[in-house]
Each structure stands twice: as C-alpha cells, then as structure tokens.
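S.K.: Contents of structure_15.txt (compact mmCIF, C-alpha atoms and all ligand atoms):
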```txt
# COMPACT_ATOMS: atom_id res chain seq x y z
CA MET O 1 -24.70 44.08 -4.81
CA LYS O 2 -26.74 41.22 -3.42
CA THR O 3 -27.99 40.22 -6.87
CA LEU O 4 -24.41 39.94 -8.07
CA LEU O 5 -23.27 37.81 -5.14
CA ILE O 6 -25.92 35.11 -5.43
CA PRO O 7 -24.80 33.75 -8.85
CA ILE O 8 -21.17 33.74 -7.63
CA ILE O 9 -22.09 31.75 -4.52
CA LEU O 10 -24.07 29.27 -6.62
CA THR O 11 -21.15 28.77 -9.01
CA VAL O 12 -18.69 28.16 -6.18
CA THR O 13 -21.08 25.68 -4.53
CA SER O 14 -21.58 23.69 -7.72
CA LEU O 15 -17.80 23.51 -8.24
CA PHE O 16 -17.46 21.85 -4.82
CA VAL O 17 -20.20 19.37 -5.66
CA LEU O 18 -18.45 18.42 -8.92
CA ALA O 19 -15.13 17.94 -7.12
CA GLU O 20 -16.74 15.58 -4.62
CA GLU O 21 -18.37 13.43 -7.26
CA LYS O 22 -15.03 12.51 -8.86
CA PRO O 23 -13.75 9.12 -7.67
CA LYS O 24 -11.45 10.13 -4.87
CA LEU O 25 -7.86 9.05 -4.38
CA GLN O 26 -7.50 7.32 -1.03
CA LYS O 27 -4.22 8.23 0.58
CA ILE O 28 -3.03 5.78 3.19
CA GLU O 29 0.29 5.31 4.89
CA LEU O 30 2.30 2.51 6.46
CA SER O 31 5.76 2.61 8.00
CA ALA O 32 8.28 -0.03 8.87
CA VAL O 33 9.23 -0.07 12.55
CA GLY O 34 12.47 1.89 12.96
CA ASN O 35 12.87 1.71 16.70
CA PRO O 36 14.28 -0.64 17.88
CA PRO O 37 16.23 -1.00 14.62
CA GLY O 38 15.95 -4.27 12.72
CA THR O 39 12.58 -5.23 14.21
CA MET O 40 11.35 -6.40 10.77
CA LYS O 41 7.77 -5.35 11.38
CA PHE O 42 5.28 -2.87 10.00
CA ALA O 43 4.20 -0.17 12.45
CA LYS O 44 0.54 -1.26 12.19
CA THR O 45 -0.92 -4.74 11.79
CA GLU O 46 -3.98 -3.40 9.96
CA ILE O 47 -4.76 -0.49 7.65
CA LYS O 48 -8.05 0.27 5.94
CA ALA O 49 -9.40 1.50 2.62
CA THR O 50 -12.57 1.13 0.58
CA ALA O 51 -13.22 -0.84 -2.58
CA GLY O 52 -13.46 0.65 -6.03
CA SER O 53 -11.39 3.82 -6.02
CA LYS O 54 -7.66 4.32 -6.38
CA ILE O 55 -5.49 3.78 -3.32
CA GLU O 56 -2.19 5.58 -2.93
CA LEU O 57 -0.14 3.83 -0.27
CA THR O 58 2.92 5.66 1.02
CA PHE O 59 5.46 3.33 2.57
CA LYS O 60 8.09 4.85 4.83
CA ASN O 61 11.22 3.07 5.94
CA PRO O 62 12.83 4.60 9.04
CA ASP O 63 14.64 1.31 9.76
CA VAL O 64 18.34 0.46 9.26
CA LEU O 65 17.42 -2.44 6.94
CA GLN O 66 16.02 -2.36 3.41
CA HIS O 67 12.35 -3.28 3.06
CA ASN O 68 9.70 -3.49 0.39
CA ILE O 69 5.92 -3.69 0.53
CA LEU O 70 3.57 -5.99 -1.39
CA ILE O 71 -0.22 -6.16 -1.45
CA LEU O 72 -1.52 -9.69 -2.06
CA LYS O 73 -4.77 -11.37 -2.94
CA PRO O 74 -6.64 -12.67 0.15
CA GLY O 75 -5.28 -15.93 1.58
CA THR O 76 -2.04 -15.98 -0.43
CA LYS O 77 0.48 -14.78 2.19
CA ASP O 78 2.12 -18.17 2.77
CA LYS O 79 2.17 -19.00 -0.93
CA VAL O 80 3.86 -15.73 -1.96
CA GLY O 81 6.09 -15.90 1.13
CA ALA O 82 7.34 -19.32 0.00
CA LEU O 83 8.09 -17.87 -3.46
CA ALA O 84 10.04 -15.08 -1.75
CA ASP O 85 12.07 -17.64 0.23
CA ALA O 86 12.80 -19.51 -3.00
CA MET O 87 14.34 -16.32 -4.46
CA LEU O 88 17.39 -16.78 -2.23
CA THR O 89 18.87 -18.99 -4.96
CA ASP O 90 17.99 -16.50 -7.74
CA PRO O 91 21.11 -14.51 -8.71
CA ASP O 92 18.84 -11.73 -10.05
CA ALA O 93 16.75 -11.50 -6.88
CA MET O 94 18.13 -8.11 -5.88
CA LYS O 95 17.51 -6.70 -9.36
CA LYS O 96 13.91 -7.85 -8.99
CA ASN O 97 13.65 -6.02 -5.65
CA TYR O 98 13.04 -9.46 -4.07
CA VAL O 99 9.56 -9.43 -5.59
CA PRO O 100 8.70 -12.94 -6.83
CA LYS O 101 6.70 -13.51 -9.99
CA SER O 102 3.12 -14.29 -9.00
CA SER O 103 -0.38 -13.44 -10.17
CA ASP O 104 -1.31 -13.21 -6.47
CA ILE O 105 0.61 -9.92 -6.17
CA ILE O 106 -1.68 -6.90 -6.64
CA ALA O 107 0.99 -4.25 -6.11
CA ALA O 108 4.65 -4.15 -5.13
CA SER O 109 7.18 -1.45 -4.32
CA LYS O 110 10.87 -1.31 -5.08
CA LEU O 111 13.33 -2.08 -2.31
CA VAL O 112 13.28 0.95 -0.04
CA ASN O 113 16.55 2.03 1.51
CA PRO O 114 16.83 3.17 5.14
CA GLY O 115 15.22 6.59 5.41
CA GLY O 116 13.45 6.16 2.08
CA THR O 117 9.83 6.45 1.01
CA GLU O 118 7.93 4.80 -1.84
CA LYS O 119 4.41 5.21 -3.14
CA ILE O 120 2.39 2.48 -4.78
CA VAL O 121 -0.96 3.09 -6.47
CA PHE O 122 -3.52 0.38 -7.07
CA THR O 123 -7.25 -0.29 -7.03
CA ILE O 124 -9.08 -3.14 -5.31
CA LYS O 125 -12.62 -3.91 -6.40
CA GLU O 126 -13.73 -6.52 -3.86
CA SER O 127 -13.92 -6.17 -0.09
CA GLY O 128 -11.76 -8.52 1.98
CA ASP O 129 -8.56 -8.92 3.98
CA TYR O 130 -5.56 -8.36 1.70
CA PRO O 131 -2.21 -9.44 3.14
CA ILE O 132 0.64 -6.92 3.22
CA ILE O 133 4.15 -8.38 3.32
CA CYS O 134 7.78 -7.43 2.92
CA THR O 135 9.59 -9.99 0.75
CA PHE O 136 13.16 -9.05 1.63
CA PRO O 137 14.75 -12.44 2.42
CA GLY O 138 13.63 -13.71 5.80
CA HIS O 139 11.25 -10.84 6.60
CA TRP O 140 7.75 -11.87 5.55
CA ARG O 141 6.95 -14.14 8.49
CA LEU O 142 7.37 -11.21 10.89
CA MET O 143 6.83 -8.32 8.55
CA ASN O 144 3.23 -8.64 7.54
CA GLY O 145 -0.15 -7.04 8.08
CA ILE O 146 -3.61 -6.69 6.60
CA LEU O 147 -5.15 -4.14 4.28
CA LYS O 148 -8.82 -4.31 5.15
CA ILE O 149 -10.97 -3.36 2.18
CA THR O 150 -14.59 -2.52 2.85
CA LYS O 151 -17.36 -1.71 0.39
CA SER O 152 -17.73 1.95 -0.43
CA GLU O 153 -21.12 3.47 0.32
CU CU O 201 11.36 -6.10 5.42
```
Show me the file's structure as structure tokens.
Ligand SMILES: [Cu+2]

M.R.:
Amino acid sequence: MKTLLIPIILTVTSLFVLAEEKPKLQKIELSAVGNPPGTMKFAKTEIKATAGSKIELTFKNPDVLQHNILILKPGTKDKVGALADAMLTDPDAMKKNYVPKSSDIIAASKLVNPGGTEKIVFTIKESGDYPIICTFPGHWRLMNGILKITKSE
C-alpha cells in the first residue's frame, strides 16, 4: 500500500508546483462610497498590486449615482480630468461612457449604474503610482485614488 501511495503524493505535489508557476491573476477590488449617497468618492484612497501579471479589478457601485473607473499613467490625473471636463460639450459623451480619448488611459470601465459591478482587466509592467479616477462629469476632482504598483519578487 505504501509503495502505491508515494507516486500519487508526488504527482499531486508536482501539480501544485506547476499551478503556482503560472503567472497569477491578481484580483483586487474597489468600491464607490454608497453611504452617505452622492459622496463622489472611492471607498479607499489607495489600492495595491504588483507589476507584470494580469490585474482583475472589480469595481462596485453601491451609490445612487452612476460612476466609472479609469486607470491612468502616472502623473496624468489633471490632464485626463481636463479632457473629461471638456466632454460636457460632446453630444456623444454618454455613449462613450464619459471616457475621453487619451493615450494616458490604461484601462476604463463602462458607466456603472447604482448597484452595479464591472470588471476591468489590464497589466502594468512598471512600478509607480497610477491614478484612479471616475470621469463622470464633475466627479474626478473628488473621486480619485492611487493604484500603487510595486515590483514583483
Ligand atoms: Cu463618479
């Protein structure tokens, strides 16, 4: 019996090792503040992930307002925010989910209705502080945070 068990244990162990060597999907989460309603803020000012492997960010909106979520290149919050403000005169702004056109945007969600959830998947290769903003008109100045990317070991 013992001689039979050893190969089985070895096989199971090597399967676990293989699974761990695959680049892992980093699941992170961020919510809008829902209480008090209409606060126009994210629930955390900073979230973290590591460079190099896929990040799956789940955005939850328990608020009474619509919100979206954008991940930006470091140092471009004001620039992209200004583009978002400028969308107020764009008749197609809503169709575009209030996401301006900019190469500084790494990832963007759709507009998320009250009670809704959206997932965005992206990869960041360099460590740094990546701004997170909501570009619904008038929100980004209050509704922002940082995705802190550190080097993976
Ligand atoms: Cu918002």

S.K.: Skipping near chain neighbours, those fewer than 2 positions away, what residues fall within 12 Å of Pro36 (chain O) using all atoms listed in the file, listed as a VMD selection string?

M.R.: chain O and resid 32 to 34 38 to 41 43 62 to 65

S.K.: Write the residues you've just listed into a file as a tab-separated table (two decimals), keeping the file's coordinate frame, and include C-alpha atoms for each of them.

M.R.:
```tsv
chain	number	residue	atom	x	y	z
O	32	ALA	CA	8.28	-0.03	8.87
O	33	VAL	CA	9.23	-0.07	12.55
O	34	GLY	CA	12.47	1.89	12.96
O	38	GLY	CA	15.95	-4.27	12.72
O	39	THR	CA	12.58	-5.23	14.21
O	40	MET	CA	11.35	-6.40	10.77
O	41	LYS	CA	7.77	-5.35	11.38
O	43	ALA	CA	4.20	-0.17	12.45
O	62	PRO	CA	12.83	4.60	9.04
O	63	ASP	CA	14.64	1.31	9.76
O	64	VAL	CA	18.34	0.46	9.26
O	65	LEU	CA	17.42	-2.44	6.94
```

S.K.: Between O:Thr117, O:Val80, O:Thr89, O:Lys148, which has the minimum distance to Phe59 (chain O) (counting only C-alpha atoms)?

M.R.: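 Using only C-alpha atoms, Phe59 (chain O) sits closest to O:Thr117.
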
S.K.: Pick out the residues no farther than 9 Å from ligand CU 201 (chain O), counting all atoms listed in the file, and list them as a list in words.

M.R.: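 Counting all atoms listed in the file, the residues within 9 Å of ligand CU 201 (chain O) come out as Ala32, Gly38, Thr39, Met40, Lys41, Phe42, Leu65, Gln66, His67, Asn68, Ile69, Leu111, Ile133, Cys134, Thr135, Phe136, Pro137, Gly138, His139, Trp140, Leu142, Met143 and Asn144 of chain O.
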
S.K.: Please produce an output containing C-alpha atoms for each residue in the selection, written as a PDB file, keeping the file's coordinate frame.

M.R.:
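As a result, again.pdb now contains:
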```pdb
ATOM      1  CA  ALA O  32       8.280  -0.030   8.870  1.00  0.00           C
ATOM      2  CA  GLY O  38      15.950  -4.270  12.720  1.00  0.00           C
ATOM      3  CA  THR O  39      12.580  -5.230  14.210  1.00  0.00           C
ATOM      4  CA  MET O  40      11.350  -6.400  10.770  1.00  0.00           C
ATOM      5  CA  LYS O  41       7.770  -5.350  11.380  1.00  0.00           C
ATOM      6  CA  PHE O  42       5.280  -2.870  10.000  1.00  0.00           C
ATOM      7  CA  LEU O  65      17.420  -2.440   6.940  1.00  0.00           C
ATOM      8  CA  GLN O  66      16.020  -2.360   3.410  1.00  0.00           C
ATOM      9  CA  HIS O  67      12.350  -3.280   3.060  1.00  0.00           C
ATOM     10  CA  ASN O  68       9.700  -3.490   0.390  1.00  0.00           C
ATOM     11  CA  ILE O  69       5.920  -3.690   0.530  1.00  0.00           C
ATOM     12  CA  LEU O 111      13.330  -2.080  -2.310  1.00  0.00           C
ATOM     13  CA  ILE O 133       4.150  -8.380   3.320  1.00  0.00           C
ATOM     14  CA  CYS O 134       7.780  -7.430   2.920  1.00  0.00           C
ATOM     15  CA  THR O 135       9.590  -9.990   0.750  1.00  0.00           C
ATOM     16  CA  PHE O 136      13.160  -9.050   1.630  1.00  0.00           C
ATOM     17  CA  PRO O 137      14.750 -12.440   2.420  1.00  0.00           C
ATOM     18  CA  GLY O 138      13.630 -13.710   5.800  1.00  0.00           C
ATOM     19  CA  HIS O 139      11.250 -10.840   6.600  1.00  0.00           C
ATOM     20  CA  TRP O 140       7.750 -11.870   5.550  1.00  0.00           C
ATOM     21  CA  LEU O 142       7.370 -11.210  10.890  1.00  0.00           C
ATOM     22  CA  MET O 143       6.830  -8.320   8.550  1.00  0.00           C
ATOM     23  CA  ASN O 144       3.230  -8.640   7.540  1.00  0.00           C
TER      24      ASN O 144
END
```

S.K.: From the set O:Ile47, O:Val121, O:Ile105, O:Leu57, which residue has the shortest atom-to-atom contact distance to Lys27 (chain O), counting all atoms listed in the file?

M.R.: O:Leu57

S.K.: Quote the spacing between CA of Ser103 (chain O) and CA of Leu72 (chain O) in Å to one decimal place.

M.R.: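 Distance reported for this atom pair: 9.0 Å.
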
S.K.: Would you please work out which residue, of O:Ile28, O:Lys60, O:Asp104, O:Ala51, is nearest to Glu153 (chain O) when using only C-alpha atoms?

M.R.: O:Ala51
